[in-house]
Amino acid sequence: MRQATVTPNGDRIRWVELPGVEPARLFLHGLGASSPVYFAAAAAHPLLAGRRSLLLDLLGFGISDRPADFPYTLEAHADAVAAAVEEAGLAEVEVVGHSMGGAVAIVLAHRHPRLVAKLLLVDANLDPIAPARRPGSSGIATFTEKEFLAGGRERVGRWVGPFWWSTMRLAGPEALYRSAVNLAHGTVPTMRELLLGLEVPRTFLHPAADGEPAGADRLREAGVELVAVPDCGHNIMFDNPEGFAEAAAAALARRAAVA
């Protein structure tokens with residue numbers, strides 16, 4: 001395990017690091033998740049192994065610190081990740097981001113372009129989400145922060161079920177709430193607009209059963225490669241590990257050849 005101080009108050013981001021050659025790969029998890037849990041098998045898969053890989057937990061989640069005074073906006077998350085990447089002595093990393101981690105990855109590439117060489121987005125959030133009583137950021141956003149801290153967190157735990165809750169329960173309450181609300185609100189311009197304006201190679205993996213993401217034609221026109229992965233839901237790396245590894249490896253290798 002490695003760590004880096006990323007706030008003036010001394011709060012630390014931590015990650016599990018796998019040795020290998022550079023350019024390095026940075027793995028960013030989704031809301032209520034943890035990168036070592038969600039990405040360890042993928043990073044060690046024979047098709048993806050051999051790269052220096054940082055399985056990083058965002059501030060407030062997993063093994064990272066959980067400050068109650070951090071804003072947990074997508075921009076703040078991206079800046080904290082940037083500080084960790086710089087502390088690790090890296091630049092031009094290949095960033096693999098799942099769900100909210102993909103949104104953070106987009107903002108990271110926009111705000112800190114020298115740190116990001118490629119983006120591999122795994123069913124990432126691109127647009128704001130309306131609050132709704134269902135698992136995920138939209139459900140958490142139906143509470144006020146006071147309501148969430150006073151019992152809403154436990155209600156969300158019942159909504160999401162034992163699998164997701166196994167890592168979600170590790171998140172700081174403020175971190176989980178504010179991250180969810182800020183993800184639902186999105187950025188200005190939106191994550192989609194930021195993605196369209198980036199110049200780095202970009203690939204978006206999505207479940208084949210869901211069909212192409214909204215605005216697929218515009219994404220393609222901007223150079224974003226869309227790849228459907230069969231036999232999976234939102235957690236592509238869990239539901240179809242082989243399909244994820246094949247799609248990720250092929251996309252990264254193909255992009256590397258033309259970059």
# chains A, B, ... in the order shown; residues from 1 in each chain; ligands from 1
call {"tool": "closest_atom_pairs", "arguments": {"of": "stretch 192-247 of chain A", "to": "stretch 82-102 of chain A", "cutoff": "12 Å", "atoms": "only C-alpha atoms", "output": "tab-separated table"}}
result
residue	atom	partner	partner_atom	distance
A:Arg192	CA	A:Gly102	CA	11.0
A:Leu195	CA	A:Gly102	CA	10.3
A:Val200	CA	A:Glu94	CA	10.0
A:Pro201	CA	A:Glu94	CA	9.6
A:Arg202	CA	A:Val95	CA	9.8
A:Thr203	CA	A:Val96	CA	9.6
A:Phe204	CA	A:Gly102	CA	9.3
A:Leu205	CA	A:His98	CA	9.4
A:His206	CA	A:His98	CA	10.3
A:Gly233	CA	A:Ser99	CA	11.8
A:His234	CA	A:Ser99	CA	8.1
A:Asn235	CA	A:His98	CA	8.1
A:Ile236	CA	A:His98	CA	8.9
A:Met237	CA	A:His98	CA	9.2
A:Phe238	CA	A:His98	CA	11.5
A:Phe244	CA	A:His98	CA	11.7
A:Ala245	CA	A:Val96	CA	11.9
call {"tool": "write_last_selection", "arguments": {"atoms": "C-alpha atoms", "output": "PDB file, in the first residue's frame"}}
result
ATOM      1  CA  ARG A 192     -20.071  14.843 -21.490  1.00  0.00           C
ATOM      2  CA  LEU A 195     -15.144  14.556 -22.635  1.00  0.00           C
ATOM      3  CA  VAL A 200      -6.401  12.308 -25.457  1.00  0.00           C
ATOM      4  CA  PRO A 201      -7.469   8.893 -26.771  1.00  0.00           C
ATOM      5  CA  ARG A 202     -10.810   7.998 -25.166  1.00  0.00           C
ATOM      6  CA  THR A 203     -12.712   4.712 -25.027  1.00  0.00           C
ATOM      7  CA  PHE A 204     -16.120   4.118 -23.445  1.00  0.00           C
ATOM      8  CA  LEU A 205     -17.071   0.543 -22.476  1.00  0.00           C
ATOM      9  CA  HIS A 206     -20.771  -0.171 -21.944  1.00  0.00           C
ATOM     10  CA  GLY A 233     -24.430  -5.149 -16.305  1.00  0.00           C
ATOM     11  CA  HIS A 234     -23.019  -1.928 -14.892  1.00  0.00           C
ATOM     12  CA  ASN A 235     -20.175  -3.704 -13.049  1.00  0.00           C
ATOM     13  CA  ILE A 236     -18.578  -4.954 -16.231  1.00  0.00           C
ATOM     14  CA  MET A 237     -15.324  -6.109 -14.615  1.00  0.00           C
ATOM     15  CA  PHE A 238     -17.249  -8.323 -12.165  1.00  0.00           C
ATOM     16  CA  PHE A 244     -13.777  -6.723 -19.756  1.00  0.00           C
ATOM     17  CA  ALA A 245     -10.102  -7.685 -20.010  1.00  0.00           C
TER      18      ALA A 245
END
call {"tool": "residues_around", "arguments": {"residues": "A:Asp65", "least_positions_apart": "2", "cutoff": "10 Å", "atoms": "only C-alpha atoms", "output": "short mmCIF file (atom, residue, chain, number, x, y, z; two decimals) with all heavy atoms, in the first residue's frame"}}
result
data_model
loop_
_atom_site.label_atom_id
_atom_site.label_comp_id
_atom_site.auth_asym_id
_atom_site.auth_seq_id
_atom_site.Cartn_x
_atom_site.Cartn_y
_atom_site.Cartn_z
N THR A 5 -0.29 12.66 0.85
CA THR A 5 -1.06 13.72 1.47
C THR A 5 -1.61 14.63 0.38
O THR A 5 -0.86 15.11 -0.47
CB THR A 5 -0.19 14.53 2.44
OG1 THR A 5 0.30 13.65 3.46
CG2 THR A 5 -0.98 15.65 3.08
N GLY A 10 -3.69 17.59 5.78
CA GLY A 10 -2.93 16.36 5.92
C GLY A 10 -3.69 15.09 5.60
O GLY A 10 -3.22 13.98 5.90
N ASP A 11 -4.86 15.20 4.99
CA ASP A 11 -5.64 14.01 4.63
C ASP A 11 -4.93 13.23 3.53
O ASP A 11 -4.37 13.81 2.60
CB ASP A 11 -7.04 14.42 4.16
CG ASP A 11 -7.77 15.23 5.22
OD1 ASP A 11 -7.92 14.73 6.34
OD2 ASP A 11 -8.17 16.37 4.92
N ARG A 12 -5.01 11.91 3.64
CA ARG A 12 -4.22 11.04 2.76
C ARG A 12 -5.09 10.15 1.88
O ARG A 12 -6.05 9.54 2.34
CB ARG A 12 -3.28 10.16 3.59
CG ARG A 12 -2.26 10.96 4.39
CD ARG A 12 -1.36 10.08 5.20
NE ARG A 12 -0.39 10.88 5.95
CZ ARG A 12 0.58 10.35 6.69
NH1 ARG A 12 0.71 9.04 6.80
NH2 ARG A 12 1.40 11.15 7.33
N ILE A 13 -4.71 10.12 0.62
CA ILE A 13 -5.22 9.12 -0.32
C ILE A 13 -4.28 7.93 -0.28
O ILE A 13 -3.06 8.07 -0.21
CB ILE A 13 -5.33 9.70 -1.74
CG1 ILE A 13 -6.69 10.39 -1.94
CG2 ILE A 13 -5.14 8.63 -2.80
CD1 ILE A 13 -6.90 10.95 -3.32
N ARG A 14 -4.86 6.73 -0.36
CA ARG A 14 -4.05 5.51 -0.36
C ARG A 14 -4.42 4.65 -1.56
O ARG A 14 -5.53 4.70 -2.06
CB ARG A 14 -4.25 4.73 0.95
CG ARG A 14 -3.80 5.52 2.17
CD ARG A 14 -3.97 4.74 3.47
NE ARG A 14 -3.50 5.54 4.59
CZ ARG A 14 -4.24 6.41 5.28
NH1 ARG A 14 -5.53 6.57 4.94
NH2 ARG A 14 -3.74 7.10 6.27
N ASP A 57 -8.01 4.47 -4.01
CA ASP A 57 -9.30 4.79 -3.38
C ASP A 57 -9.43 6.30 -3.26
O ASP A 57 -8.57 6.97 -2.68
CB ASP A 57 -9.40 4.13 -2.00
CG ASP A 57 -9.81 2.68 -2.08
OD1 ASP A 57 -10.27 2.24 -3.15
OD2 ASP A 57 -9.66 1.96 -1.07
N LEU A 58 -10.51 6.84 -3.80
CA LEU A 58 -10.77 8.27 -3.71
C LEU A 58 -10.85 8.70 -2.26
O LEU A 58 -11.21 7.90 -1.37
CB LEU A 58 -12.06 8.61 -4.44
CG LEU A 58 -12.10 8.33 -5.94
CD1 LEU A 58 -13.52 8.49 -6.47
CD2 LEU A 58 -11.14 9.24 -6.69
N LEU A 59 -10.53 9.94 -2.00
CA LEU A 59 -10.64 10.47 -0.65
C LEU A 59 -12.07 10.26 -0.15
O LEU A 59 -13.04 10.52 -0.86
CB LEU A 59 -10.29 11.96 -0.65
CG LEU A 59 -9.88 12.55 0.71
CD1 LEU A 59 -8.59 11.90 1.21
CD2 LEU A 59 -9.70 14.05 0.59
N GLY A 60 -12.18 9.73 1.07
CA GLY A 60 -13.49 9.45 1.65
C GLY A 60 -13.95 8.02 1.49
O GLY A 60 -14.95 7.63 2.10
N PHE A 61 -13.21 7.21 0.71
CA PHE A 61 -13.66 5.86 0.39
C PHE A 61 -12.56 4.83 0.67
O PHE A 61 -11.37 5.15 0.65
CB PHE A 61 -14.07 5.77 -1.09
CG PHE A 61 -15.25 6.63 -1.44
CD1 PHE A 61 -15.09 7.95 -1.81
CD2 PHE A 61 -16.54 6.12 -1.35
CE1 PHE A 61 -16.17 8.75 -2.11
CE2 PHE A 61 -17.64 6.92 -1.65
CZ PHE A 61 -17.46 8.23 -2.04
N GLY A 62 -12.99 3.59 0.90
CA GLY A 62 -12.05 2.49 1.04
C GLY A 62 -11.00 2.72 2.10
O GLY A 62 -11.29 3.03 3.25
N ILE A 63 -9.72 2.60 1.70
CA ILE A 63 -8.62 2.72 2.65
C ILE A 63 -8.08 4.14 2.75
O ILE A 63 -7.15 4.39 3.51
CB ILE A 63 -7.47 1.74 2.28
CG1 ILE A 63 -6.97 2.00 0.85
CG2 ILE A 63 -7.91 0.30 2.45
CD1 ILE A 63 -5.76 1.16 0.46
N PRO A 67 -12.18 12.65 5.51
CA PRO A 67 -12.40 13.93 6.18
C PRO A 67 -13.85 14.41 6.04
O PRO A 67 -14.45 14.31 4.97
CB PRO A 67 -11.44 14.89 5.47
CG PRO A 67 -11.22 14.26 4.13
CD PRO A 67 -11.25 12.78 4.37
N ALA A 68 -14.38 14.95 7.13
CA ALA A 68 -15.76 15.44 7.12
C ALA A 68 -15.86 16.85 6.55
O ALA A 68 -16.97 17.32 6.26
CB ALA A 68 -16.33 15.41 8.53
N ALA A 171 -17.18 3.88 3.36
CA ALA A 171 -17.09 5.30 3.02
C ALA A 171 -17.48 6.17 4.20
O ALA A 171 -18.38 5.82 4.98
CB ALA A 171 -17.99 5.61 1.82
N GLY A 172 -16.83 7.32 4.33
CA GLY A 172 -17.28 8.29 5.32
C GLY A 172 -18.68 8.77 4.97
O GLY A 172 -18.98 8.98 3.79
N ALA A 175 -18.63 11.86 2.96
CA ALA A 175 -18.03 11.58 1.65
C ALA A 175 -19.04 10.93 0.72
O ALA A 175 -19.16 11.30 -0.46
CB ALA A 175 -16.81 10.69 1.81
#
call {"tool": "closest_atom_pairs", "arguments": {"of": "stretch 118-228 of chain A", "to": "stretch 23-28 of chain A", "cutoff": "12 Å", "atoms": "only C-alpha atoms", "output": "Markdown table"}}
result
| residue | atom | partner | partner_atom | distance |
| --- | --- | --- | --- | --- |
| A:Lys118 | CA | A:Arg25 | CA | 9.3 |
| A:Leu119 | CA | A:Leu26 | CA | 9.8 |
| A:Leu120 | CA | A:Phe27 | CA | 9.5 |
| A:Leu121 | CA | A:Leu28 | CA | 9.7 |
| A:Val122 | CA | A:Leu28 | CA | 10.0 |
| A:Ala124 | CA | A:Leu28 | CA | 10.8 |
call {"tool": "write_last_selection", "arguments": {"atoms": "N, CA and C atoms", "output": "PDB file, in the first residue's frame"}}
result
ATOM      1  N   LYS A 118      -4.395   8.692 -21.608  1.00  0.00           N
ATOM      2  CA  LYS A 118      -5.528   7.992 -22.211  1.00  0.00           C
ATOM      3  C   LYS A 118      -6.629   7.857 -21.182  1.00  0.00           C
ATOM      4  N   LEU A 119      -7.851   7.735 -21.661  1.00  0.00           N
ATOM      5  CA  LEU A 119      -8.999   7.482 -20.799  1.00  0.00           C
ATOM      6  C   LEU A 119      -9.715   6.216 -21.253  1.00  0.00           C
ATOM      7  N   LEU A 120      -9.933   5.307 -20.312  1.00  0.00           N
ATOM      8  CA  LEU A 120     -10.779   4.141 -20.540  1.00  0.00           C
ATOM      9  C   LEU A 120     -11.927   4.250 -19.546  1.00  0.00           C
ATOM     10  N   LEU A 121     -13.093   4.629 -20.033  1.00  0.00           N
ATOM     11  CA  LEU A 121     -14.256   4.876 -19.199  1.00  0.00           C
ATOM     12  C   LEU A 121     -15.146   3.637 -19.205  1.00  0.00           C
ATOM     13  N   VAL A 122     -15.498   3.170 -18.012  1.00  0.00           N
ATOM     14  CA  VAL A 122     -16.276   1.942 -17.870  1.00  0.00           C
ATOM     15  C   VAL A 122     -17.680   2.315 -17.398  1.00  0.00           C
ATOM     16  N   ALA A 124     -19.324   5.021 -17.514  1.00  0.00           N
ATOM     17  CA  ALA A 124     -19.140   6.196 -16.667  1.00  0.00           C
ATOM     18  C   ALA A 124     -20.321   7.162 -16.759  1.00  0.00           C
TER      19      ALA A 124
END
call {"tool": "residues_around", "arguments": {"residues": "A:Thr142", "least_positions_apart": "6", "cutoff": "12 Å", "atoms": "only C-alpha atoms", "output": "list in words"}}
result
Ile129, Ala130, Pro131, Ala132, Arg133, Arg134, Pro135, Gly136, Phe148, Gly152, Arg153, Arg155, Val156, Tyr177, Arg178, Ala180, Val181, Ala184 and His185 of chain A
call {"tool": "closest_residue", "arguments": {"among": "A:Pro113, A:Gly243, A:Pro8, A:Pro71", "to": "A:Asn182", "atoms": "only C-alpha atoms"}}
result
A:Pro71
call {"tool": "residues_around", "arguments": {"residues": "A:Leu196", "least_positions_apart": "4", "cutoff": "12 Å", "atoms": "only C-alpha atoms", "output": "PyMOL selection string"}}
result
chain A and resi 106-107+109-110+126+189-192+200-204+215-225
call {"tool": "write_last_selection", "arguments": {"atoms": "N, CA and C atoms", "output": "compact mmCIF listing (two decimals), in the first residue's frame"}}
result
# COMPACT_ATOMS: atom_id res chain seq x y z
N ILE A 106 -12.59 12.05 -16.22
CA ILE A 106 -12.80 13.09 -17.23
C ILE A 106 -12.39 14.45 -16.69
N VAL A 107 -12.82 14.76 -15.47
CA VAL A 107 -12.47 16.05 -14.87
C VAL A 107 -10.97 16.13 -14.64
N ALA A 109 -8.62 14.72 -16.45
CA ALA A 109 -7.99 14.98 -17.75
C ALA A 109 -8.19 16.42 -18.19
N HIS A 110 -9.34 17.00 -17.85
CA HIS A 110 -9.62 18.39 -18.21
C HIS A 110 -8.79 19.37 -17.39
N LEU A 126 -21.90 10.58 -17.52
CA LEU A 126 -21.60 11.70 -18.40
C LEU A 126 -22.54 12.88 -18.21
N PRO A 189 -19.04 23.03 -17.62
CA PRO A 189 -19.90 22.23 -18.50
C PRO A 189 -20.00 20.79 -17.99
N THR A 190 -20.95 20.04 -18.53
CA THR A 190 -21.16 18.68 -18.08
C THR A 190 -19.95 17.80 -18.39
N MET A 191 -19.89 16.66 -17.73
CA MET A 191 -18.83 15.69 -18.00
C MET A 191 -18.81 15.29 -19.47
N ARG A 192 -20.00 15.18 -20.06
CA ARG A 192 -20.07 14.84 -21.49
C ARG A 192 -19.37 15.90 -22.34
N VAL A 200 -7.05 13.60 -25.70
CA VAL A 200 -6.40 12.31 -25.46
C VAL A 200 -7.26 11.19 -26.04
N PRO A 201 -6.68 10.04 -26.34
CA PRO A 201 -7.47 8.89 -26.77
C PRO A 201 -8.48 8.50 -25.69
N ARG A 202 -9.72 8.28 -26.10
CA ARG A 202 -10.81 8.00 -25.17
C ARG A 202 -11.62 6.80 -25.65
N THR A 203 -11.88 5.87 -24.73
CA THR A 203 -12.71 4.71 -25.03
C THR A 203 -13.78 4.59 -23.96
N PHE A 204 -14.99 4.27 -24.37
CA PHE A 204 -16.12 4.12 -23.44
C PHE A 204 -16.65 2.70 -23.58
N GLY A 215 -26.39 9.95 -27.04
CA GLY A 215 -25.48 10.81 -27.78
C GLY A 215 -24.32 10.08 -28.42
N ALA A 216 -24.53 8.81 -28.76
CA ALA A 216 -23.43 7.99 -29.28
C ALA A 216 -22.82 8.58 -30.54
N ASP A 217 -23.63 9.08 -31.44
CA ASP A 217 -23.09 9.62 -32.69
C ASP A 217 -22.17 10.80 -32.43
N ARG A 218 -22.57 11.68 -31.53
CA ARG A 218 -21.73 12.84 -31.23
C ARG A 218 -20.43 12.42 -30.54
N LEU A 219 -20.52 11.41 -29.69
CA LEU A 219 -19.30 10.90 -29.05
C LEU A 219 -18.33 10.37 -30.11
N ARG A 220 -18.85 9.59 -31.04
CA ARG A 220 -17.99 9.06 -32.11
C ARG A 220 -17.39 10.18 -32.95
N GLU A 221 -18.20 11.15 -33.28
CA GLU A 221 -17.70 12.27 -34.09
C GLU A 221 -16.54 12.99 -33.40
N ALA A 222 -16.57 12.99 -32.06
CA ALA A 222 -15.50 13.65 -31.30
C ALA A 222 -14.31 12.73 -31.07
N GLY A 223 -14.39 11.50 -31.60
CA GLY A 223 -13.26 10.58 -31.49
C GLY A 223 -13.32 9.62 -30.33
N VAL A 224 -14.45 9.56 -29.62
CA VAL A 224 -14.60 8.62 -28.51
C VAL A 224 -14.97 7.25 -29.09
N GLU A 225 -14.19 6.25 -28.77
CA GLU A 225 -14.48 4.90 -29.23
C GLU A 225 -15.47 4.24 -28.29
call {"tool": "decode", "arguments": {"residues": "stretch 54-91 of chain A", "atoms": "N, CA and C atoms", "output": "PDB file, in the first residue's frame"}}
result
ATOM      1  N   LEU A  54      -1.885   1.554 -10.255  1.00  0.00           N
ATOM      2  CA  LEU A  54      -2.288   2.159  -8.994  1.00  0.00           C
ATOM      3  C   LEU A  54      -3.789   1.961  -8.830  1.00  0.00           C
ATOM      4  N   LEU A  55      -4.163   1.115  -7.870  1.00  0.00           N
ATOM      5  CA  LEU A  55      -5.571   0.866  -7.572  1.00  0.00           C
ATOM      6  C   LEU A  55      -5.938   1.795  -6.425  1.00  0.00           C
ATOM      7  N   LEU A  56      -6.401   2.987  -6.785  1.00  0.00           N
ATOM      8  CA  LEU A  56      -6.507   4.109  -5.850  1.00  0.00           C
ATOM      9  C   LEU A  56      -7.926   4.257  -5.320  1.00  0.00           C
ATOM     10  N   ASP A  57      -8.009   4.470  -4.006  1.00  0.00           N
ATOM     11  CA  ASP A  57      -9.298   4.787  -3.384  1.00  0.00           C
ATOM     12  C   ASP A  57      -9.431   6.296  -3.259  1.00  0.00           C
ATOM     13  N   LEU A  58     -10.506   6.836  -3.804  1.00  0.00           N
ATOM     14  CA  LEU A  58     -10.767   8.265  -3.714  1.00  0.00           C
ATOM     15  C   LEU A  58     -10.852   8.702  -2.261  1.00  0.00           C
ATOM     16  N   LEU A  59     -10.533   9.941  -2.001  1.00  0.00           N
ATOM     17  CA  LEU A  59     -10.640  10.472  -0.654  1.00  0.00           C
ATOM     18  C   LEU A  59     -12.071  10.262  -0.146  1.00  0.00           C
ATOM     19  N   GLY A  60     -12.179   9.735   1.071  1.00  0.00           N
ATOM     20  CA  GLY A  60     -13.486   9.451   1.647  1.00  0.00           C
ATOM     21  C   GLY A  60     -13.949   8.021   1.489  1.00  0.00           C
ATOM     22  N   PHE A  61     -13.215   7.211   0.708  1.00  0.00           N
ATOM     23  CA  PHE A  61     -13.661   5.855   0.387  1.00  0.00           C
ATOM     24  C   PHE A  61     -12.563   4.830   0.671  1.00  0.00           C
ATOM     25  N   GLY A  62     -12.987   3.594   0.904  1.00  0.00           N
ATOM     26  CA  GLY A  62     -12.051   2.486   1.039  1.00  0.00           C
ATOM     27  C   GLY A  62     -10.997   2.721   2.101  1.00  0.00           C
ATOM     28  N   ILE A  63      -9.722   2.597   1.700  1.00  0.00           N
ATOM     29  CA  ILE A  63      -8.616   2.718   2.645  1.00  0.00           C
ATOM     30  C   ILE A  63      -8.080   4.139   2.749  1.00  0.00           C
ATOM     31  N   SER A  64      -8.637   5.074   1.991  1.00  0.00           N
ATOM     32  CA  SER A  64      -8.212   6.472   2.084  1.00  0.00           C
ATOM     33  C   SER A  64      -8.877   7.149   3.280  1.00  0.00           C
ATOM     34  N   ASP A  65      -8.317   8.295   3.694  1.00  0.00           N
ATOM     35  CA  ASP A  65      -8.902   9.053   4.790  1.00  0.00           C
ATOM     36  C   ASP A  65     -10.299   9.543   4.420  1.00  0.00           C
ATOM     37  N   ARG A  66     -11.085   9.874   5.463  1.00  0.00           N
ATOM     38  CA  ARG A  66     -12.489  10.245   5.269  1.00  0.00           C
ATOM     39  C   ARG A  66     -12.799  11.573   5.956  1.00  0.00           C
ATOM     40  N   PRO A  67     -12.177  12.650   5.510  1.00  0.00           N
ATOM     41  CA  PRO A  67     -12.404  13.935   6.183  1.00  0.00           C
ATOM     42  C   PRO A  67     -13.848  14.409   6.044  1.00  0.00           C
ATOM     43  N   ALA A  68     -14.384  14.950   7.129  1.00  0.00           N
ATOM     44  CA  ALA A  68     -15.757  15.442   7.116  1.00  0.00           C
ATOM     45  C   ALA A  68     -15.858  16.851   6.554  1.00  0.00           C
ATOM     46  N   ASP A  69     -14.700  17.534   6.390  1.00  0.00           N
ATOM     47  CA  ASP A  69     -14.725  18.923   5.919  1.00  0.00           C
ATOM     48  C   ASP A  69     -14.325  19.069   4.453  1.00  0.00           C
ATOM     49  N   PHE A  70     -14.211  17.974   3.720  1.00  0.00           N
ATOM     50  CA  PHE A  70     -13.849  18.013   2.308  1.00  0.00           C
ATOM     51  C   PHE A  70     -15.124  18.168   1.487  1.00  0.00           C
ATOM     52  N   PRO A  71     -15.105  18.952   0.382  1.00  0.00           N
ATOM     53  CA  PRO A  71     -16.354  19.184  -0.361  1.00  0.00           C
ATOM     54  C   PRO A  71     -16.842  17.987  -1.176  1.00  0.00           C
ATOM     55  N   TYR A  72     -15.954  17.125  -1.620  1.00  0.00           N
ATOM     56  CA  TYR A  72     -16.308  15.942  -2.405  1.00  0.00           C
ATOM     57  C   TYR A  72     -17.037  16.277  -3.702  1.00  0.00           C
ATOM     58  N   THR A  73     -16.697  17.406  -4.311  1.00  0.00           N
ATOM     59  CA  THR A  73     -17.136  17.661  -5.676  1.00  0.00           C
ATOM     60  C   THR A  73     -16.283  16.827  -6.627  1.00  0.00           C
ATOM     61  N   LEU A  74     -16.727  16.702  -7.858  1.00  0.00           N
ATOM     62  CA  LEU A  74     -15.917  15.986  -8.843  1.00  0.00           C
ATOM     63  C   LEU A  74     -14.590  16.697  -9.066  1.00  0.00           C
ATOM     64  N   GLU A  75     -14.627  18.026  -9.031  1.00  0.00           N
ATOM     65  CA  GLU A  75     -13.394  18.793  -9.201  1.00  0.00           C
ATOM     66  C   GLU A  75     -12.439  18.571  -8.037  1.00  0.00           C
ATOM     67  N   ALA A  76     -12.974  18.559  -6.804  1.00  0.00           N
ATOM     68  CA  ALA A  76     -12.128  18.333  -5.631  1.00  0.00           C
ATOM     69  C   ALA A  76     -11.547  16.924  -5.648  1.00  0.00           C
ATOM     70  N   HIS A  77     -12.351  15.943  -6.022  1.00  0.00           N
ATOM     71  CA  HIS A  77     -11.837  14.577  -6.165  1.00  0.00           C
ATOM     72  C   HIS A  77     -10.698  14.543  -7.193  1.00  0.00           C
ATOM     73  N   ALA A  78     -10.915  15.173  -8.339  1.00  0.00           N
ATOM     74  CA  ALA A  78      -9.904  15.152  -9.403  1.00  0.00           C
ATOM     75  C   ALA A  78      -8.607  15.814  -8.944  1.00  0.00           C
ATOM     76  N   ASP A  79      -8.718  16.919  -8.232  1.00  0.00           N
ATOM     77  CA  ASP A  79      -7.519  17.610  -7.762  1.00  0.00           C
ATOM     78  C   ASP A  79      -6.770  16.766  -6.728  1.00  0.00           C
ATOM     79  N   ALA A  80      -7.510  16.067  -5.867  1.00  0.00           N
ATOM     80  CA  ALA A  80      -6.867  15.195  -4.885  1.00  0.00           C
ATOM     81  C   ALA A  80      -6.161  14.025  -5.571  1.00  0.00           C
ATOM     82  N   VAL A  81      -6.804  13.455  -6.579  1.00  0.00           N
ATOM     83  CA  VAL A  81      -6.165  12.379  -7.346  1.00  0.00           C
ATOM     84  C   VAL A  81      -4.909  12.901  -8.035  1.00  0.00           C
ATOM     85  N   ALA A  82      -4.977  14.098  -8.596  1.00  0.00           N
ATOM     86  CA  ALA A  82      -3.817  14.688  -9.259  1.00  0.00           C
ATOM     87  C   ALA A  82      -2.651  14.821  -8.289  1.00  0.00           C
ATOM     88  N   ALA A  83      -2.937  15.252  -7.059  1.00  0.00           N
ATOM     89  CA  ALA A  83      -1.879  15.382  -6.061  1.00  0.00           C
ATOM     90  C   ALA A  83      -1.252  14.027  -5.757  1.00  0.00           C
ATOM     91  N   ALA A  84      -2.062  12.974  -5.706  1.00  0.00           N
ATOM     92  CA  ALA A  84      -1.537  11.634  -5.449  1.00  0.00           C
ATOM     93  C   ALA A  84      -0.684  11.138  -6.610  1.00  0.00           C
ATOM     94  N   VAL A  85      -1.148  11.373  -7.833  1.00  0.00           N
ATOM     95  CA  VAL A  85      -0.380  10.957  -9.012  1.00  0.00           C
ATOM     96  C   VAL A  85       0.967  11.668  -9.045  1.00  0.00           C
ATOM     97  N   GLU A  86       0.972  12.948  -8.748  1.00  0.00           N
ATOM     98  CA  GLU A  86       2.227  13.703  -8.737  1.00  0.00           C
ATOM     99  C   GLU A  86       3.155  13.211  -7.629  1.00  0.00           C
ATOM    100  N   GLU A  87       2.588  12.891  -6.465  1.00  0.00           N
ATOM    101  CA  GLU A  87       3.392  12.360  -5.363  1.00  0.00           C
ATOM    102  C   GLU A  87       4.024  11.022  -5.746  1.00  0.00           C
ATOM    103  N   ALA A  88       3.319  10.259  -6.585  1.00  0.00           N
ATOM    104  CA  ALA A  88       3.849   8.977  -7.058  1.00  0.00           C
ATOM    105  C   ALA A  88       4.900   9.159  -8.147  1.00  0.00           C
ATOM    106  N   GLY A  89       5.143  10.412  -8.556  1.00  0.00           N
ATOM    107  CA  GLY A  89       6.157  10.693  -9.568  1.00  0.00           C
ATOM    108  C   GLY A  89       5.741  10.337 -10.969  1.00  0.00           C
ATOM    109  N   LEU A  90       4.453  10.416 -11.239  1.00  0.00           N
ATOM    110  CA  LEU A  90       3.940   9.979 -12.530  1.00  0.00           C
ATOM    111  C   LEU A  90       3.373  11.133 -13.335  1.00  0.00           C
ATOM    112  N   ALA A  91       3.326  10.933 -14.632  1.00  0.00           N
ATOM    113  CA  ALA A  91       2.632  11.810 -15.573  1.00  0.00           C
ATOM    114  C   ALA A  91       2.221  10.945 -16.755  1.00  0.00           C
TER     115      ALA A  91
END
